[in-house]
$ cat run.cif   # mmCIF, C-alpha atoms
data_data
loop_
_atom_site.label_atom_id
_atom_site.label_comp_id
_atom_site.auth_asym_id
_atom_site.auth_seq_id
_atom_site.Cartn_x
_atom_site.Cartn_y
_atom_site.Cartn_z
CA GLY Q 152 100.41 62.57 33.05
CA GLN Q 153 98.06 64.02 35.59
CA GLN Q 154 94.40 64.20 34.63
CA LEU Q 155 91.51 65.87 36.36
CA ASN Q 156 87.97 64.59 35.96
CA GLN Q 157 85.23 67.11 36.53
CA SER Q 158 81.58 66.29 36.98
CA PRO Q 159 79.04 67.00 35.90
CA GLN Q 160 80.08 68.15 32.42
CA SER Q 161 77.10 70.49 32.30
CA MET Q 162 74.12 71.40 34.40
CA PHE Q 163 70.95 73.41 34.07
CA ILE Q 164 69.49 74.84 37.26
CA GLN Q 165 66.78 77.24 38.29
CA GLU Q 166 67.77 80.61 39.65
CA GLY Q 167 67.99 80.41 43.43
CA GLU Q 168 69.03 76.75 43.55
CA ASP Q 169 72.27 75.53 45.05
CA VAL Q 170 74.91 73.94 42.83
CA SER Q 171 77.54 71.31 43.54
CA MET Q 172 80.36 70.17 41.30
CA ASN Q 173 83.47 68.15 41.92
CA CYS Q 174 86.85 67.28 40.59
CA THR Q 175 88.87 64.11 41.06
CA SER Q 176 92.41 63.20 40.18
CA SER Q 177 94.50 60.08 39.93
CA SER Q 178 97.37 62.01 41.51
CA ILE Q 179 97.71 64.16 44.58
CA PHE Q 180 98.05 67.91 44.46
CA ASN Q 181 99.46 70.42 46.91
CA THR Q 182 97.07 73.13 45.83
CA TRP Q 183 93.58 73.05 44.39
CA LEU Q 184 92.02 76.03 42.62
CA TRP Q 185 88.68 76.86 41.08
CA TYR Q 186 88.37 79.22 38.11
CA LYS Q 187 85.38 80.55 36.19
CA GLN Q 188 85.48 81.36 32.48
CA ASP Q 189 82.98 83.51 30.64
CA PRO Q 190 82.63 83.20 26.84
CA GLY Q 191 85.49 84.86 24.99
CA GLU Q 192 87.42 85.60 28.17
CA GLY Q 193 90.21 84.04 30.15
CA PRO Q 194 89.57 82.13 33.38
CA VAL Q 195 89.20 84.12 36.59
CA LEU Q 196 90.34 82.72 39.93
CA LEU Q 197 87.52 82.10 42.41
CA ILE Q 198 89.05 80.14 45.28
CA ALA Q 199 92.45 78.67 46.19
CA LEU Q 200 92.89 75.78 48.64
CA TYR Q 201 96.19 74.84 50.24
CA LYS Q 202 95.63 72.15 52.87
CA ALA Q 203 93.90 68.78 52.87
CA GLY Q 204 90.49 69.15 54.49
CA GLU Q 205 90.46 72.93 54.06
CA LEU Q 206 87.06 74.54 53.54
CA THR Q 207 87.11 78.06 52.09
CA SER Q 208 84.33 80.46 51.14
CA ASN Q 209 84.17 83.40 48.78
CA GLY Q 210 80.73 84.97 49.02
CA ARG Q 211 78.20 82.40 47.85
CA LEU Q 212 80.96 80.02 46.79
CA THR Q 213 82.41 77.36 49.06
CA ALA Q 214 85.16 74.95 48.10
CA GLN Q 215 86.84 72.09 49.88
CA PHE Q 216 90.21 70.39 49.49
CA GLY Q 217 89.63 66.65 49.83
CA ILE Q 218 91.44 64.85 52.63
CA THR Q 219 93.02 62.41 50.17
CA ARG Q 220 94.42 65.41 48.27
CA LYS Q 221 92.97 63.85 45.12
CA ASP Q 222 89.69 65.69 44.97
CA SER Q 223 87.96 69.00 45.49
CA PHE Q 224 84.39 70.26 45.58
CA LEU Q 225 82.77 73.57 44.72
CA ASN Q 226 79.36 74.62 45.93
CA ILE Q 227 77.43 77.70 44.81
CA SER Q 228 74.50 78.74 46.95
CA ALA Q 229 71.40 80.61 45.76
CA SER Q 230 72.48 80.77 42.11
CA ILE Q 231 71.91 83.93 40.08
CA PRO Q 232 72.02 84.50 36.31
CA SER Q 233 75.57 85.88 36.38
CA ASP Q 234 76.80 82.53 37.72
CA VAL Q 235 76.49 81.23 34.15
CA GLY Q 236 79.81 80.12 32.75
CA ILE Q 237 82.32 77.29 32.75
CA TYR Q 238 83.88 76.33 36.05
CA PHE Q 239 87.32 74.74 35.98
CA CYS Q 240 89.17 73.00 38.73
CA ALA Q 241 92.95 73.11 38.63
CA GLY Q 242 95.65 71.42 40.63
CA GLN Q 243 99.25 72.29 41.26
CA LEU Q 244 101.95 69.91 42.45
CA ILE Q 245 105.29 71.55 42.90
CA GLN Q 246 107.87 68.83 42.51
CA GLY Q 247 111.45 68.23 41.58
CA ALA Q 248 113.13 71.34 40.25
CA GLY Q 249 109.85 73.15 40.67
CA SER Q 250 107.09 72.58 38.14
CA TYR Q 251 104.65 75.39 38.66
CA GLN Q 252 102.22 74.47 35.94
CA LEU Q 253 98.55 74.11 36.72
CA THR Q 254 96.65 71.06 35.47
CA PHE Q 255 93.07 71.94 34.55
CA GLY Q 256 89.95 69.82 34.31
CA LYS Q 257 87.64 69.96 31.29
CA GLY Q 258 85.16 72.17 33.07
CA THR Q 259 81.56 72.14 34.23
CA LYS Q 260 79.26 74.31 32.14
CA LEU Q 261 76.61 75.96 34.27
CA SER Q 262 73.38 77.36 32.88
CA VAL Q 263 70.95 79.22 35.13
CA ILE Q 264 67.30 79.44 34.15
CA PRO Q 265 65.69 82.65 35.43
CA ASP I 285 96.38 97.83 37.20
CA THR I 286 95.05 97.19 33.73
CA GLY I 287 95.21 93.40 33.91
CA VAL I 288 96.86 91.05 31.44
CA SER I 289 96.58 92.29 27.88
CA GLN I 290 96.83 90.10 24.77
CA ASP I 291 97.05 91.12 21.16
CA PRO I 292 95.52 90.33 18.76
CA ARG I 293 92.22 88.99 20.09
CA HIS I 294 91.62 87.04 16.92
CA LYS I 295 93.93 85.78 14.18
CA ILE I 296 92.98 83.94 11.02
CA THR I 297 95.82 82.54 8.98
CA LYS I 298 96.50 80.06 6.24
CA ARG I 299 98.26 76.81 6.90
CA GLY I 300 102.00 77.21 6.62
CA GLN I 301 102.11 80.86 7.65
CA ASN I 302 103.89 82.17 10.72
CA VAL I 303 102.00 84.00 13.45
CA THR I 304 103.10 85.95 16.50
CA PHE I 305 101.08 86.85 19.57
CA ARG I 306 101.91 89.38 22.24
CA CYS I 307 101.17 89.40 25.95
CA ASP I 308 101.59 92.28 28.39
CA PRO I 309 101.38 90.99 31.97
CA ILE I 310 100.37 92.85 35.08
CA SER I 311 103.30 95.18 35.63
CA GLU I 312 104.49 93.95 39.05
CA HIS I 313 104.19 90.26 38.14
CA ASN I 314 107.52 88.57 37.46
CA ARG I 315 106.06 85.28 36.24
CA LEU I 316 104.41 84.90 32.86
CA TYR I 317 102.71 81.78 31.48
CA TRP I 318 101.36 80.62 28.16
CA TYR I 319 98.48 78.13 28.00
CA ARG I 320 96.52 76.74 25.09
CA GLN I 321 92.81 75.94 25.19
CA THR I 322 90.80 74.02 22.62
CA LEU I 323 87.03 73.80 22.46
CA GLY I 324 85.54 71.83 25.31
CA GLN I 325 88.85 71.51 27.14
CA GLY I 326 90.55 73.25 29.99
CA PRO I 327 93.70 75.29 29.48
CA GLU I 328 96.88 73.27 28.87
CA PHE I 329 100.26 74.53 30.02
CA LEU I 330 102.79 75.45 27.35
CA THR I 331 105.59 77.37 29.03
CA TYR I 332 106.45 79.91 31.72
CA PHE I 333 108.99 82.63 32.38
CA GLN I 334 110.40 84.07 35.54
CA ASN I 335 111.51 87.52 34.51
CA GLU I 336 113.30 86.94 31.19
CA ALA I 337 114.25 83.31 31.85
CA GLN I 338 112.14 80.56 30.31
CA LEU I 339 112.13 77.98 33.09
CA GLU I 340 109.75 75.30 31.93
CA LYS I 341 108.38 74.05 28.64
CA SER I 342 105.65 71.50 28.05
CA ARG I 343 105.97 68.63 25.62
CA LEU I 344 103.09 70.36 23.80
CA LEU I 345 105.52 73.07 22.76
CA SER I 346 106.86 71.62 19.53
CA ASP I 347 109.88 72.97 17.67
CA ARG I 348 107.56 75.20 15.65
CA PHE I 349 106.69 77.15 18.78
CA SER I 350 108.96 79.70 20.36
CA ALA I 351 108.31 82.07 23.21
CA GLU I 352 110.38 85.00 24.39
CA ARG I 353 110.30 87.55 27.15
CA PRO I 354 113.30 89.65 26.25
CA LYS I 355 113.24 92.29 28.97
CA GLY I 356 111.19 90.48 31.54
CA SER I 357 108.11 92.49 30.69
CA PHE I 358 105.99 91.61 27.66
CA SER I 359 106.20 88.22 25.97
CA THR I 360 105.70 86.94 22.45
CA LEU I 361 104.64 83.51 21.28
CA GLU I 362 105.49 82.63 17.69
CA ILE I 363 104.17 79.66 15.78
CA GLN I 364 106.01 78.84 12.58
CA ARG I 365 104.51 76.90 9.66
CA THR I 366 101.09 76.80 11.26
CA GLU I 367 98.98 73.64 11.01
CA GLN I 368 95.23 73.23 11.35
CA GLY I 369 95.81 71.50 14.68
CA ASP I 370 97.26 74.72 16.03
CA SER I 371 93.80 76.28 15.99
CA ALA I 372 93.02 77.14 19.59
CA MET I 373 92.74 79.92 22.13
CA TYR I 374 96.18 80.95 23.34
CA LEU I 375 95.99 82.30 26.86
CA CYS I 376 98.62 84.31 28.65
CA ALA I 377 98.69 84.62 32.42
CA SER I 378 100.90 86.28 34.98
CA SER I 379 101.53 85.93 38.68
CA LEU I 380 103.75 87.00 41.49
CA ARG I 381 106.50 84.53 42.34
CA LYS I 382 105.29 84.08 45.91
CA THR I 383 101.71 83.38 44.84
CA ASN I 384 102.53 81.49 41.67
CA GLU I 385 99.34 79.43 41.85
CA LYS I 386 97.19 82.53 41.50
CA LEU I 387 97.22 83.12 37.78
CA PHE I 388 95.66 86.20 36.25
CA PHE I 389 94.66 85.39 32.70
CA GLY I 390 94.28 87.64 29.71
CA SER I 391 91.34 87.37 27.34
CA GLY I 392 93.35 85.22 24.96
CA THR I 393 94.14 85.17 21.26
CA GLN I 394 91.82 82.97 19.21
CA LEU I 395 93.81 81.43 16.36
CA SER I 396 92.09 79.87 13.37
CA VAL I 397 94.28 78.09 10.82
CA LEU I 398 92.56 77.52 7.49
#
$ encode --input "run.cif" --output "structure tokens"
Amino acid sequence: GQQLNQSPQSMFIQEGEDVSMNCTSSSIFNTWLWYKQDPGEGPVLLIALYKAGELTSNGRLTAQFGITRKDSFLNISASIPSDVGIYFCAGQLIQGAGSYQLTFGKGTKLSVIP
Amino acid sequence: DTGVSQDPRHKITKRGQNVTFRCDPISEHNRLYWYRQTLGQGPEFLTYFQNEAQLEKSRLLSDRFSAERPKGSFSTLEIQRTEQGDSAMYLCASSLRKTNEKLFFGSGTQLSVL
């Protein structure tokens, strides 16, 4: 089945630094998404990407849909303490009779040192 | 809009017992999804409903699992004869049909099977 590889698995950064994380797949996706999960909560959607090469921003967050459709990147600028959490990439490939499931990566755990 | 609500938040049970979880989606959302998340992993798709129809089931959904959405509103997920391997966070999400990639997750039900 489809698998998403996220890197890095975890990262510790100083407040104010920029952060980059990425996600790669062995299969193509039609849609890439980035979610953030806080402890004890469900994931919250940050950014959705729909076209190869697309670059989309949401405040300090910027994400890109790779041109091969097999990867995506998330950048966070000027990190703040509330950026702490686990960031998941997810891909969707609607195929056949219509499989709408999202395939998630294992997440990148971000820690911000004040 | 009160978001996706899940009940209970936590459930501890003994192996072999049956458990049932409830999910109340965002009221105008006609799609409802169940995902399972284990420690250190991203959410894994279990099943989804469009209104009251269960349209897709993952191979993860063994015969001991059953999900219903009888009136197209709330949903229940039942696990019969629980096993220790069923211990996980069970996440419910909902979406509009036209933006089915944008899942709104609940806070989940954390199941511990002793």
$ closest_atom_pairs --input "run.cif" --of "chain Q" --to "chain I" --cutoff "8 Å" --atoms "only C-alpha atoms" --output "tab-separated table"
residue	atom	partner	partner_atom	distance
Q:Thr182	CA	I:Glu385	CA	7.8
Q:Gly191	CA	I:Ser391	CA	6.8
Q:Glu192	CA	I:Ser391	CA	4.4
Q:Gly193	CA	I:Ser391	CA	4.5
Q:Pro194	CA	I:Phe389	CA	6.1
Q:Val195	CA	I:Phe388	CA	6.8
Q:Leu196	CA	I:Lys386	CA	7.0
Q:Ala199	CA	I:Lys386	CA	7.7
Q:Phe239	CA	I:Gly326	CA	7.0
Q:Gln243	CA	I:Glu385	CA	7.2
Q:Ser250	CA	I:Glu340	CA	7.3
Q:Tyr251	CA	I:Asn384	CA	7.1
Q:Gln252	CA	I:Phe329	CA	6.2
Q:Leu253	CA	I:Phe329	CA	6.9
Q:Thr254	CA	I:Glu328	CA	7.0
Q:Phe255	CA	I:Gly326	CA	5.4
Q:Gly256	CA	I:Gly326	CA	5.5
Q:Lys257	CA	I:Gly326	CA	4.6
Q:Gly258	CA	I:Gly326	CA	6.3
$ resolve_selection --input "run.cif" --expression "the PyMOL selection byres ((chain Q and resi 178) around 7)" --output "MDAnalysis selection string"
chainID Q and resid 153 176:177 179:180 221
$ write_last_selection --input "run.cif" --atoms "C-alpha atoms" --output "PDB file, in the frame of the given file"
ATOM      1  CA  GLN Q 153      98.060  64.020  35.590  1.00  0.00           C
ATOM      2  CA  SER Q 176      92.410  63.200  40.180  1.00  0.00           C
ATOM      3  CA  SER Q 177      94.500  60.080  39.930  1.00  0.00           C
ATOM      4  CA  ILE Q 179      97.710  64.160  44.580  1.00  0.00           C
ATOM      5  CA  PHE Q 180      98.050  67.910  44.460  1.00  0.00           C
ATOM      6  CA  LYS Q 221      92.970  63.850  45.120  1.00  0.00           C
TER       7      LYS Q 221
END
$ residues_around --input "run.cif" --residues "region 303-312 of chain I" --least-positions-apart "5" --cutoff "6 Å" --atoms "only C-alpha atoms" --output "ChimeraX atom specification"
/I:287-291,358-363,378
$ resolve_selection --input "run.cif" --expression "the PyMOL selection byres ((chain Q and resi 225) around 12)" --output "ChimeraX atom specification"
/Q:157-159,169-175,183-187,197-200,206-209,211-217,222-224,226-228,238-241,258-259
$ write_last_selection --input "run.cif" --atoms "C-alpha atoms" --output "PDB file, in the frame of the given file"
ATOM      1  CA  GLN Q 157      85.230  67.110  36.530  1.00  0.00           C
ATOM      2  CA  SER Q 158      81.580  66.290  36.980  1.00  0.00           C
ATOM      3  CA  PRO Q 159      79.040  67.000  35.900  1.00  0.00           C
ATOM      4  CA  ASP Q 169      72.270  75.530  45.050  1.00  0.00           C
ATOM      5  CA  VAL Q 170      74.910  73.940  42.830  1.00  0.00           C
ATOM      6  CA  SER Q 171      77.540  71.310  43.540  1.00  0.00           C
ATOM      7  CA  MET Q 172      80.360  70.170  41.300  1.00  0.00           C
ATOM      8  CA  ASN Q 173      83.470  68.150  41.920  1.00  0.00           C
ATOM      9  CA  CYS Q 174      86.850  67.280  40.590  1.00  0.00           C
ATOM     10  CA  THR Q 175      88.870  64.110  41.060  1.00  0.00           C
ATOM     11  CA  TRP Q 183      93.580  73.050  44.390  1.00  0.00           C
ATOM     12  CA  LEU Q 184      92.020  76.030  42.620  1.00  0.00           C
ATOM     13  CA  TRP Q 185      88.680  76.860  41.080  1.00  0.00           C
ATOM     14  CA  TYR Q 186      88.370  79.220  38.110  1.00  0.00           C
ATOM     15  CA  LYS Q 187      85.380  80.550  36.190  1.00  0.00           C
ATOM     16  CA  LEU Q 197      87.520  82.100  42.410  1.00  0.00           C
ATOM     17  CA  ILE Q 198      89.050  80.140  45.280  1.00  0.00           C
ATOM     18  CA  ALA Q 199      92.450  78.670  46.190  1.00  0.00           C
ATOM     19  CA  LEU Q 200      92.890  75.780  48.640  1.00  0.00           C
ATOM     20  CA  LEU Q 206      87.060  74.540  53.540  1.00  0.00           C
ATOM     21  CA  THR Q 207      87.110  78.060  52.090  1.00  0.00           C
ATOM     22  CA  SER Q 208      84.330  80.460  51.140  1.00  0.00           C
ATOM     23  CA  ASN Q 209      84.170  83.400  48.780  1.00  0.00           C
ATOM     24  CA  ARG Q 211      78.200  82.400  47.850  1.00  0.00           C
ATOM     25  CA  LEU Q 212      80.960  80.020  46.790  1.00  0.00           C
ATOM     26  CA  THR Q 213      82.410  77.360  49.060  1.00  0.00           C
ATOM     27  CA  ALA Q 214      85.160  74.950  48.100  1.00  0.00           C
ATOM     28  CA  GLN Q 215      86.840  72.090  49.880  1.00  0.00           C
ATOM     29  CA  PHE Q 216      90.210  70.390  49.490  1.00  0.00           C
ATOM     30  CA  GLY Q 217      89.630  66.650  49.830  1.00  0.00           C
ATOM     31  CA  ASP Q 222      89.690  65.690  44.970  1.00  0.00           C
ATOM     32  CA  SER Q 223      87.960  69.000  45.490  1.00  0.00           C
ATOM     33  CA  PHE Q 224      84.390  70.260  45.580  1.00  0.00           C
ATOM     34  CA  ASN Q 226      79.360  74.620  45.930  1.00  0.00           C
ATOM     35  CA  ILE Q 227      77.430  77.700  44.810  1.00  0.00           C
ATOM     36  CA  SER Q 228      74.500  78.740  46.950  1.00  0.00           C
ATOM     37  CA  TYR Q 238      83.880  76.330  36.050  1.00  0.00           C
ATOM     38  CA  PHE Q 239      87.320  74.740  35.980  1.00  0.00           C
ATOM     39  CA  CYS Q 240      89.170  73.000  38.730  1.00  0.00           C
ATOM     40  CA  ALA Q 241      92.950  73.110  38.630  1.00  0.00           C
ATOM     41  CA  GLY Q 258      85.160  72.170  33.070  1.00  0.00           C
ATOM     42  CA  THR Q 259      81.560  72.140  34.230  1.00  0.00           C
TER      43      THR Q 259
END
$ atom_distance --input "run.cif" --atom1 "CA of Gly236 (chain Q)" --atom2 "CA of Leu395 (chain I)"
21.6 Å
$ atom_distance --input "run.cif" --atom1 "CA of Thr366 (chain I)" --atom2 "CA of Gln301 (chain I)"
5.5 Å
$ residues_around --input "run.cif" --residues "Arg381 (chain I)" --least-positions-apart "6" --cutoff "9 Å" --atoms "all atoms listed in the file" --output "VMD selection string"
chain I and resid 313 to 315 334
$ atom_distance --input "run.cif" --atom1 "CA of Phe333 (chain I)" --atom2 "CA of Gly356 (chain I)"
8.2 Å
$ resolve_selection --input "run.cif" --expression "the PyMOL selection byres ((chain I and resi 365) around 12)" --output "number ranges by chain"
I: 297-304, 346-350, 362-364, 366-370, 397
$ residues_around --input "run.cif" --residues "Glu168 (chain Q)" --least-positions-apart "2" --cutoff "8 Å" --atoms "only C-alpha atoms" --output "ChimeraX atom specification"
/Q:164-166,170,228-230
$ closest_residue --input "run.cif" --among "Q:Pro265, Q:Ile237, Q:Gly204, Q:Ile245" --to "Gln188 (chain Q)" --atoms "all atoms listed in the file"
Q:Ile237
